[in-house]
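Dumped target.cif below, it's mmCIF, C-alpha atoms:
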```cif
data_model
#
loop_
_atom_site.label_atom_id
_atom_site.label_comp_id
_atom_site.auth_asym_id
_atom_site.auth_seq_id
_atom_site.Cartn_x
_atom_site.Cartn_y
_atom_site.Cartn_z
CA MET H 1 -10.52 2.53 9.36
CA ALA H 2 -12.17 4.45 12.17
CA ASP H 3 -12.04 8.23 12.09
CA THR H 4 -12.48 8.14 15.88
CA PRO H 5 -10.24 5.20 16.76
CA PHE H 6 -11.06 5.28 20.44
CA ALA H 7 -14.86 5.30 20.07
CA ILE H 8 -14.88 1.51 19.84
CA THR H 9 -12.92 -0.48 22.37
CA ASN H 10 -12.52 -4.22 22.62
CA THR H 11 -11.46 -6.98 24.94
CA ILE H 12 -9.88 -9.20 22.31
CA ARG H 13 -6.49 -9.40 23.96
CA LYS H 14 -8.05 -10.44 27.28
CA LEU H 15 -10.28 -12.98 25.55
CA ARG H 16 -7.32 -14.42 23.66
CA PHE H 17 -5.44 -15.05 26.86
CA GLU H 18 -8.51 -16.54 28.48
CA HIS H 19 -8.87 -18.97 25.60
CA GLY H 20 -5.69 -20.92 25.98
CA GLU H 21 -3.39 -17.95 25.34
CA MET H 22 -4.42 -17.88 21.72
CA THR H 23 -1.93 -16.01 19.58
CA GLN H 24 -2.86 -13.18 17.26
CA GLN H 25 -1.82 -15.39 14.34
CA ALA H 26 -4.14 -18.18 15.46
CA LEU H 27 -7.04 -15.78 15.81
CA ALA H 28 -6.23 -14.21 12.44
CA GLU H 29 -6.33 -17.59 10.74
CA ARG H 30 -9.67 -18.43 12.30
CA ILE H 31 -11.34 -15.19 11.25
CA GLY H 32 -9.69 -14.87 7.85
CA VAL H 33 -7.57 -11.75 8.26
CA THR H 34 -3.85 -11.08 8.68
CA ARG H 35 -2.10 -11.01 12.05
CA GLN H 36 -1.40 -7.32 11.49
CA THR H 37 -5.13 -6.65 11.14
CA VAL H 38 -5.83 -8.44 14.43
CA ASN H 39 -3.12 -6.32 16.04
CA ALA H 40 -4.60 -3.13 14.59
CA ILE H 41 -8.07 -4.12 15.88
CA GLU H 42 -6.73 -4.82 19.38
CA LEU H 43 -4.96 -1.48 19.49
CA GLY H 44 -8.11 0.29 18.40
CA LYS H 45 -6.49 1.55 15.21
CA TYR H 46 -8.88 -0.28 12.94
CA SER H 47 -12.59 -1.01 13.27
CA PRO H 48 -13.42 -4.32 11.61
CA SER H 49 -16.45 -4.94 9.45
CA LEU H 50 -19.55 -6.45 11.03
CA GLU H 51 -18.75 -9.81 9.52
CA VAL H 52 -15.25 -9.92 11.01
CA ALA H 53 -16.59 -8.66 14.35
CA PHE H 54 -19.16 -11.47 14.42
CA ARG H 55 -16.51 -14.01 13.47
CA ILE H 56 -14.35 -12.86 16.39
CA ALA H 57 -17.28 -13.20 18.77
CA LEU H 58 -18.00 -16.67 17.39
CA VAL H 59 -14.40 -17.79 17.93
CA PHE H 60 -14.59 -16.81 21.60
CA GLY H 61 -18.17 -18.00 22.01
CA THR H 62 -19.21 -14.68 23.52
CA PRO H 63 -21.81 -12.07 22.55
CA LEU H 64 -20.63 -9.25 20.33
CA ASP H 65 -21.01 -6.61 23.04
CA VAL H 66 -18.63 -8.55 25.28
CA VAL H 67 -15.97 -8.33 22.57
CA PHE H 68 -16.64 -4.76 21.38
CA GLN H 69 -17.85 -1.75 23.31
CA TYR H 70 -18.96 1.55 21.86
CA GLN H 71 -18.13 4.75 23.73
CA PRO H 72 -20.31 7.51 22.34
CA PRO H 73 -18.43 10.78 21.97
CA PRO H 74 -19.32 13.39 24.58
CA ASP H 75 -21.95 15.90 23.51
CA ARG H 76 -20.38 19.19 22.46
CA MET F 1 5.22 -6.74 8.62
CA SER F 2 2.70 -8.54 6.46
CA PHE F 3 3.62 -10.10 3.13
CA ARG F 4 1.76 -7.39 1.28
CA GLU F 5 3.54 -4.60 3.12
CA LYS F 6 6.91 -6.18 2.33
CA SER F 7 5.79 -6.56 -1.28
CA ASP F 8 4.81 -2.88 -1.41
CA TRP F 9 8.21 -1.88 0.01
CA LEU F 10 9.93 -3.89 -2.71
CA SER F 11 7.74 -2.33 -5.38
CA PHE F 12 8.34 1.18 -4.03
CA VAL F 13 12.12 0.79 -3.84
CA SER F 14 12.38 -0.82 -7.27
CA LEU F 15 10.18 1.93 -8.78
CA CYS F 16 12.62 4.48 -7.39
CA LEU F 17 15.20 2.99 -9.77
CA LEU F 18 13.36 4.61 -12.65
CA GLY F 19 14.44 7.90 -11.11
CA ILE F 20 17.85 7.18 -12.62
CA TYR F 21 16.32 7.48 -16.09
CA PHE F 22 14.54 10.74 -15.37
CA ALA F 23 17.65 12.15 -13.69
CA GLU F 24 19.65 11.34 -16.82
CA ILE F 25 17.06 13.06 -18.98
CA ALA F 26 17.08 16.11 -16.72
CA ARG F 27 20.88 16.15 -16.87
CA GLY F 28 20.77 15.99 -20.65
CA LEU F 29 18.15 18.75 -20.92
CA MET F 30 20.05 21.05 -18.54
CA GLY F 31 23.18 20.48 -20.57
CA GLY F 32 21.34 21.90 -23.56
CA ASP F 33 21.25 18.58 -25.32
CA HIS F 34 18.18 17.09 -26.82
CA PRO F 35 18.06 13.78 -24.98
CA GLY F 36 17.10 10.99 -27.25
CA GLY F 37 18.58 8.30 -29.35
CA HIS F 38 20.19 5.05 -28.58
CA TYR F 39 21.59 5.83 -25.10
CA TYR F 40 18.26 6.78 -23.55
CA PHE F 41 16.40 4.00 -25.33
CA THR F 42 18.87 1.43 -23.97
CA LEU F 43 18.92 2.98 -20.49
CA PHE F 44 15.12 2.97 -20.27
CA TRP F 45 14.66 -0.64 -21.30
CA ALA F 46 17.63 -1.79 -19.21
CA LEU F 47 16.05 -0.21 -16.13
CA VAL F 48 12.65 -1.74 -16.94
CA VAL F 49 14.22 -5.20 -17.28
CA VAL F 50 16.16 -4.71 -14.02
CA LEU F 51 13.01 -3.51 -12.28
CA ILE F 52 11.02 -6.55 -13.44
CA ALA F 53 13.85 -8.91 -12.51
CA ILE F 54 14.18 -7.39 -9.04
CA GLN F 55 10.42 -7.62 -8.51
CA VAL F 56 10.19 -11.24 -9.66
CA VAL F 57 13.23 -12.49 -7.74
CA THR F 58 12.49 -10.65 -4.49
CA HIS F 59 8.84 -11.66 -4.51
CA MET F 60 9.82 -15.29 -5.11
CA VAL F 61 12.24 -15.16 -2.19
CA LEU F 62 9.62 -13.50 -0.03
CA ALA F 63 7.04 -16.12 -0.93
CA MET F 64 9.47 -18.98 -0.31
CA ARG F 65 10.40 -17.60 3.11
CA SER F 66 6.80 -17.26 4.23
CA PRO F 67 4.55 -19.32 1.95
CA GLN F 68 1.59 -19.16 4.30
CA ASP F 69 1.70 -15.35 4.36
CA ALA F 70 2.02 -15.22 0.58
CA GLN F 71 -1.05 -17.38 0.11
CA THR F 72 -3.19 -15.41 2.55
CA PRO F 73 -5.74 -13.44 0.50
CA VAL F 74 -5.95 -9.66 0.78
CA ASP F 75 -8.03 -8.92 3.86
CA GLU F 76 -10.51 -6.08 4.38
CA ARG F 77 -8.02 -3.74 6.10
CA GLU F 78 -5.48 -4.16 3.30
CA ARG F 79 -8.22 -3.61 0.70
CA LEU F 80 -9.19 -0.39 2.45
CA ILE F 81 -5.57 0.76 2.61
CA HIS F 82 -5.17 0.10 -1.11
CA LEU F 83 -8.34 2.06 -1.92
CA ARG F 84 -7.34 4.99 0.28
CA ALA F 85 -3.92 5.15 -1.37
CA THR F 86 -5.28 4.91 -4.91
CA ARG F 87 -7.47 8.00 -4.62
CA PRO F 88 -4.69 10.62 -4.14
CA ALA F 89 -2.47 8.78 -6.60
CA TYR F 90 -5.21 9.01 -9.22
CA PHE F 91 -5.47 12.74 -8.51
CA VAL F 92 -1.71 13.10 -9.08
CA LEU F 93 -2.08 11.23 -12.38
CA LEU F 94 -5.01 13.42 -13.39
CA VAL F 95 -3.17 16.68 -12.63
CA GLY F 96 -0.09 15.36 -14.42
CA THR F 97 -2.15 14.45 -17.47
CA PHE F 98 -3.63 17.94 -17.71
CA LEU F 99 -0.20 19.52 -17.26
CA THR F 100 1.14 17.27 -19.98
CA ILE F 101 -1.68 18.28 -22.32
CA GLY F 102 -0.62 21.88 -21.63
CA THR F 103 2.83 21.12 -23.00
CA MET F 104 1.29 20.72 -26.45
CA HIS F 105 0.93 24.50 -26.51
CA MET F 106 4.50 25.05 -25.34
CA GLY F 107 6.22 23.57 -28.36
CA PHE F 108 7.22 20.30 -26.74
CA THR F 109 8.32 17.59 -29.09
CA VAL F 110 6.55 14.24 -29.25
CA TRP F 111 9.47 12.72 -27.36
CA GLN F 112 9.18 15.28 -24.57
CA PHE F 113 5.40 14.91 -24.46
CA ALA F 114 5.67 11.12 -24.11
CA HIS F 115 8.21 11.47 -21.33
CA CYS F 116 6.01 13.91 -19.47
CA VAL F 117 3.26 11.29 -19.50
CA LEU F 118 5.70 8.63 -18.35
CA PHE F 119 7.04 10.87 -15.61
CA PHE F 120 3.61 11.53 -14.13
CA ILE F 121 2.67 7.85 -14.32
CA TRP F 122 5.84 7.15 -12.34
CA ILE F 123 5.07 9.86 -9.79
CA ALA F 124 1.49 8.57 -9.42
CA GLU F 125 2.74 5.02 -8.81
CA LEU F 126 5.28 6.26 -6.26
CA THR F 127 2.46 8.18 -4.57
CA ARG F 128 0.26 5.08 -4.51
CA TYR F 129 2.88 2.79 -3.02
CA GLY F 130 4.18 5.48 -0.69
CA LEU F 131 0.72 6.11 0.72
CA ARG F 132 0.07 2.41 1.09
CA LEU F 133 3.24 2.11 3.17
CA PHE F 134 2.27 5.17 5.21
CA PHE F 135 -1.18 3.75 5.96
CA TYR F 136 0.25 0.33 6.82
CA ARG F 137 2.52 1.91 9.42
CA ARG F 138 -0.12 4.25 10.76
CA GLU F 139 -2.69 1.50 11.14
CA ALA F 140 -0.26 -1.09 12.48
#
```

Written form, structure tokens:
Amino acid sequence: MADTPFAITNTIRKLRFEHGEMTQQALAERIGVTRQTVNAIELGKYSPSLEVAFRIALVFGTPLDVVFQYQPPPDR
Amino acid sequence: MSFREKSDWLSFVSLCLLGIYFAEIARGLMGGDHPGGHYYFTLFWALVVVLIAIQVVTHMVLAMRSPQDAQTPVDERERLIHLRATRPAYFVLLVGTFLTIGTMHMGFTVWQFAHCVLFFIWIAELTRYGLRLFFYRREA
């Protein structure tokens, strides 16, 4: 679980809708997690492991950086 | 709510039932009695049997209502939630154990000593399930 939940953003919801309005449940089944985990990832409340991140990218057939974006925290 | 979260709610609520036993003991101690004997023995085991029965029946109903959810293995987020909840619960158990050891020097009877241990195990389990539920909701 990310200590800085908004450092990593994603476009999963948009990609789901672009891929035949895939439901969270359908995506969850394809990547091997629960629907609640997919929801938490979409809302930025949970950062998935690399393996799950790659699986998501594979499902949508897009590069990883299209699915997930890292926003470095501003320098203090 | 995932199957595991529902399961944890059931476990948490059914664990709270054991509070009846500790409340009865507290009531007996405050009344100046030395709780023990047949009543408390029966009450304890009756509550354990009820707790097990509630857990078995409710989990069966839960699994029958959503078999796919029940068969889904624990995923990485749930594993992380479980680990995060176990750490403070273990700390509670550790503190409770040391406090219980301290009772040896306070003239506690064996019966009281054993119930101190049981009490802190119960509190640690409530802490574990309570934190799991808190993290589920926070990360949902």

Neighbouring residues of Gln25 of chain H were defined as those with any atom within 12 Å, considering all atoms listed in the file; residues of the same chain fewer than 5 positions away were excluded. Please report them as number ranges by chain.
H: 16, 30-39; F: 2, 68-69, 72

Restricted to C-alpha atoms, what would the selected residues look like written as a PDB file, in the coordinates of the input?
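So the final result, stored in selection_38.pdb, reads:
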```
ATOM      1  CA  ARG H  16      -7.320 -14.420  23.660  1.00  0.00           C
ATOM      2  CA  ARG H  30      -9.670 -18.430  12.300  1.00  0.00           C
ATOM      3  CA  ILE H  31     -11.340 -15.190  11.250  1.00  0.00           C
ATOM      4  CA  GLY H  32      -9.690 -14.870   7.850  1.00  0.00           C
ATOM      5  CA  VAL H  33      -7.570 -11.750   8.260  1.00  0.00           C
ATOM      6  CA  THR H  34      -3.850 -11.080   8.680  1.00  0.00           C
ATOM      7  CA  ARG H  35      -2.100 -11.010  12.050  1.00  0.00           C
ATOM      8  CA  GLN H  36      -1.400  -7.320  11.490  1.00  0.00           C
ATOM      9  CA  THR H  37      -5.130  -6.650  11.140  1.00  0.00           C
ATOM     10  CA  VAL H  38      -5.830  -8.440  14.430  1.00  0.00           C
ATOM     11  CA  ASN H  39      -3.120  -6.320  16.040  1.00  0.00           C
TER      12      ASN H  39
ATOM     13  CA  SER F   2       2.700  -8.540   6.460  1.00  0.00           C
ATOM     14  CA  GLN F  68       1.590 -19.160   4.300  1.00  0.00           C
ATOM     15  CA  ASP F  69       1.700 -15.350   4.360  1.00  0.00           C
ATOM     16  CA  THR F  72      -3.190 -15.410   2.550  1.00  0.00           C
TER      17      THR F  72
END
```

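Selection by the PyMOL selection byres ((chain F and resi 47) around 12) on the present file picks out Ser14, Leu15, Cys16, Leu17, Leu18, Gly19, Ile20, Tyr21, Phe22, Tyr40, Phe41, Thr42, Leu43, Phe44, Trp45, Ala46, Val48, Val49, Val50, Leu51, Ile52, Ala53 and Ile54 of chain F.
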
Do you know which residues are at most 9 Å from Thr97 of chain F counting only C-alpha atoms, after dropping those on the same chain fewer than 5 positions away, and could you put them as a PDB file with C-alpha atoms, in the coordinates of the input?
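The result, stored in selection.pdb:
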```pdb
ATOM      1  CA  VAL F  92      -1.710  13.100  -9.080  1.00  0.00           C
ATOM      2  CA  GLY F 102      -0.620  21.880 -21.630  1.00  0.00           C
ATOM      3  CA  CYS F 116       6.010  13.910 -19.470  1.00  0.00           C
ATOM      4  CA  VAL F 117       3.260  11.290 -19.500  1.00  0.00           C
ATOM      5  CA  PHE F 120       3.610  11.530 -14.130  1.00  0.00           C
ATOM      6  CA  ILE F 121       2.670   7.850 -14.320  1.00  0.00           C
TER       7      ILE F 121
END
```

Answer key for the PyMOL selection byres ((chain F) within 9 of (chain H)), residues as a PyMOL selection string:
chain F and resi 1-2+69+72-78+80-81+138-140

Dump as a compact mmCIF listing (two decimals), in the coordinates of the input, selection limited to C-alpha atoms:
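Heads up, here's the output in part-v2.txt:
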```txt
# COMPACT_ATOMS: atom_id res chain seq x y z
CA MET F 1 5.22 -6.74 8.62
CA SER F 2 2.70 -8.54 6.46
CA ASP F 69 1.70 -15.35 4.36
CA THR F 72 -3.19 -15.41 2.55
CA PRO F 73 -5.74 -13.44 0.50
CA VAL F 74 -5.95 -9.66 0.78
CA ASP F 75 -8.03 -8.92 3.86
CA GLU F 76 -10.51 -6.08 4.38
CA ARG F 77 -8.02 -3.74 6.10
CA GLU F 78 -5.48 -4.16 3.30
CA LEU F 80 -9.19 -0.39 2.45
CA ILE F 81 -5.57 0.76 2.61
CA ARG F 138 -0.12 4.25 10.76
CA GLU F 139 -2.69 1.50 11.14
CA ALA F 140 -0.26 -1.09 12.48
```

Find the residues with any atom within 12 Å of (-16.2, -10.9, 17.5); use all atoms listed in the file and the coordinates as given in the file, and write the answer as a ChimeraX atom specification.
/H:9-13,15-16,27-28,30-31,38,41-42,47-69

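Atom to atom, atom CA of Thr127 of chain F and atom CA of Thr86 of chain F stand 8.4 Å apart.
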
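Interatomic distance, atom CA of Trp122 of chain F to atom CA of Thr109 of chain F: 19.9 Å.
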
From atom CA of Ala89 of chain F to atom CA of His115 of chain F the spacing works out at 18.4 Å

Applying 10 Å and all atoms listed in the file, which residues near Leu131 of chain F remain after dropping the ones on its own chain fewer than 3 positions away? List them as a PyMOL selection string.
chain F and resi 81-82+84-89+125-128+134-137

Atom completion result for segment 1-12 of chain F (all heavy atoms) as a CSV table (one decimal), keeping the file's coordinate frame:
```csv
chain,number,residue,atom,x,y,z
F,1,MET,N,5.6,-7.3,9.9
F,1,MET,CA,5.2,-6.7,8.6
F,1,MET,C,4.6,-7.8,7.8
F,1,MET,O,5.1,-8.9,7.7
F,1,MET,CB,6.5,-6.3,7.9
F,1,MET,CG,6.3,-4.9,7.2
F,1,MET,SD,7.7,-4.5,6.2
F,1,MET,CE,8.7,-3.5,7.3
F,2,SER,N,3.4,-7.5,7.2
F,2,SER,CA,2.7,-8.5,6.5
F,2,SER,C,3.4,-8.7,5.1
F,2,SER,O,4.2,-7.9,4.7
F,2,SER,CB,1.2,-8.1,6.2
F,2,SER,OG,1.2,-7.0,5.4
F,3,PHE,N,3.0,-9.8,4.4
F,3,PHE,CA,3.6,-10.1,3.1
F,3,PHE,C,3.3,-9.0,2.2
F,3,PHE,O,4.2,-8.5,1.4
F,3,PHE,CB,3.0,-11.4,2.6
F,3,PHE,CG,3.5,-11.7,1.2
F,3,PHE,CD1,4.7,-12.3,0.9
F,3,PHE,CD2,2.6,-11.4,0.1
F,3,PHE,CE1,5.1,-12.6,-0.4
F,3,PHE,CE2,3.0,-11.6,-1.2
F,3,PHE,CZ,4.3,-12.2,-1.4
F,4,ARG,N,2.1,-8.5,2.2
F,4,ARG,CA,1.8,-7.4,1.3
F,4,ARG,C,2.5,-6.1,1.5
F,4,ARG,O,2.9,-5.4,0.6
F,4,ARG,CB,0.2,-7.2,1.3
F,4,ARG,CG,-0.3,-7.5,0.0
F,4,ARG,CD,-1.7,-8.1,-0.1
F,4,ARG,NE,-1.7,-9.3,-0.7
F,4,ARG,CZ,-1.9,-10.5,-0.1
F,4,ARG,NH1,-2.1,-10.5,1.2
F,4,ARG,NH2,-2.0,-11.6,-0.7
F,5,GLU,N,2.8,-5.8,2.8
F,5,GLU,CA,3.5,-4.6,3.1
F,5,GLU,C,5.0,-4.8,2.6
F,5,GLU,O,5.5,-3.8,2.0
F,5,GLU,CB,3.5,-4.3,4.6
F,5,GLU,CG,4.1,-3.0,5.0
F,5,GLU,CD,4.1,-2.7,6.5
F,5,GLU,OE1,3.5,-3.4,7.2
F,5,GLU,OE2,4.8,-1.7,6.8
F,6,LYS,N,5.6,-5.9,2.8
F,6,LYS,CA,6.9,-6.2,2.3
F,6,LYS,C,6.9,-6.1,0.8
F,6,LYS,O,7.8,-5.5,0.2
F,6,LYS,CB,7.4,-7.6,2.7
F,6,LYS,CG,7.7,-7.7,4.2
F,6,LYS,CD,8.1,-9.2,4.5
F,6,LYS,CE,8.0,-9.4,6.0
F,6,LYS,NZ,8.1,-10.9,6.3
F,7,SER,N,5.9,-6.6,0.2
F,7,SER,CA,5.8,-6.6,-1.3
F,7,SER,C,5.7,-5.1,-1.7
F,7,SER,O,6.3,-4.7,-2.7
F,7,SER,CB,4.5,-7.3,-1.7
F,7,SER,OG,4.2,-7.1,-3.1
F,8,ASP,N,4.9,-4.3,-1.0
F,8,ASP,CA,4.8,-2.9,-1.4
F,8,ASP,C,6.1,-2.1,-1.2
F,8,ASP,O,6.5,-1.2,-2.0
F,8,ASP,CB,3.7,-2.2,-0.6
F,8,ASP,CG,2.3,-2.6,-1.1
F,8,ASP,OD1,2.2,-3.3,-2.2
F,8,ASP,OD2,1.3,-2.3,-0.5
F,9,TRP,N,6.9,-2.5,-0.2
F,9,TRP,CA,8.2,-1.9,0.0
F,9,TRP,C,9.1,-2.2,-1.2
F,9,TRP,O,9.8,-1.3,-1.7
F,9,TRP,CB,8.9,-2.4,1.3
F,9,TRP,CG,8.6,-1.5,2.5
F,9,TRP,CD1,7.8,-1.8,3.6
F,9,TRP,CD2,9.0,-0.2,2.7
F,9,TRP,NE1,7.8,-0.8,4.5
F,9,TRP,CE2,8.5,0.2,4.0
F,9,TRP,CE3,9.9,0.7,2.0
F,9,TRP,CZ2,8.8,1.5,4.5
F,9,TRP,CZ3,10.1,2.0,2.6
F,9,TRP,CH2,9.6,2.3,3.8
F,10,LEU,N,9.1,-3.5,-1.6
F,10,LEU,CA,9.9,-3.9,-2.7
F,10,LEU,C,9.5,-3.1,-4.0
F,10,LEU,O,10.4,-2.7,-4.7
F,10,LEU,CB,9.8,-5.4,-2.9
F,10,LEU,CG,10.4,-6.3,-1.8
F,10,LEU,CD1,10.1,-7.7,-2.0
F,10,LEU,CD2,12.0,-6.1,-1.9
F,11,SER,N,8.2,-3.0,-4.2
F,11,SER,CA,7.7,-2.3,-5.4
F,11,SER,C,8.1,-0.9,-5.3
F,11,SER,O,8.6,-0.3,-6.4
F,11,SER,CB,6.2,-2.5,-5.5
F,11,SER,OG,5.8,-3.8,-5.6
F,12,PHE,N,8.0,-0.2,-4.2
F,12,PHE,CA,8.3,1.2,-4.0
F,12,PHE,C,9.8,1.4,-4.3
F,12,PHE,O,10.2,2.3,-5.1
F,12,PHE,CB,8.0,1.6,-2.6
F,12,PHE,CG,8.2,3.1,-2.4
F,12,PHE,CD1,7.3,4.1,-2.8
F,12,PHE,CD2,9.3,3.5,-1.6
F,12,PHE,CE1,7.6,5.4,-2.6
F,12,PHE,CE2,9.6,4.9,-1.4
F,12,PHE,CZ,8.7,5.8,-1.9
```
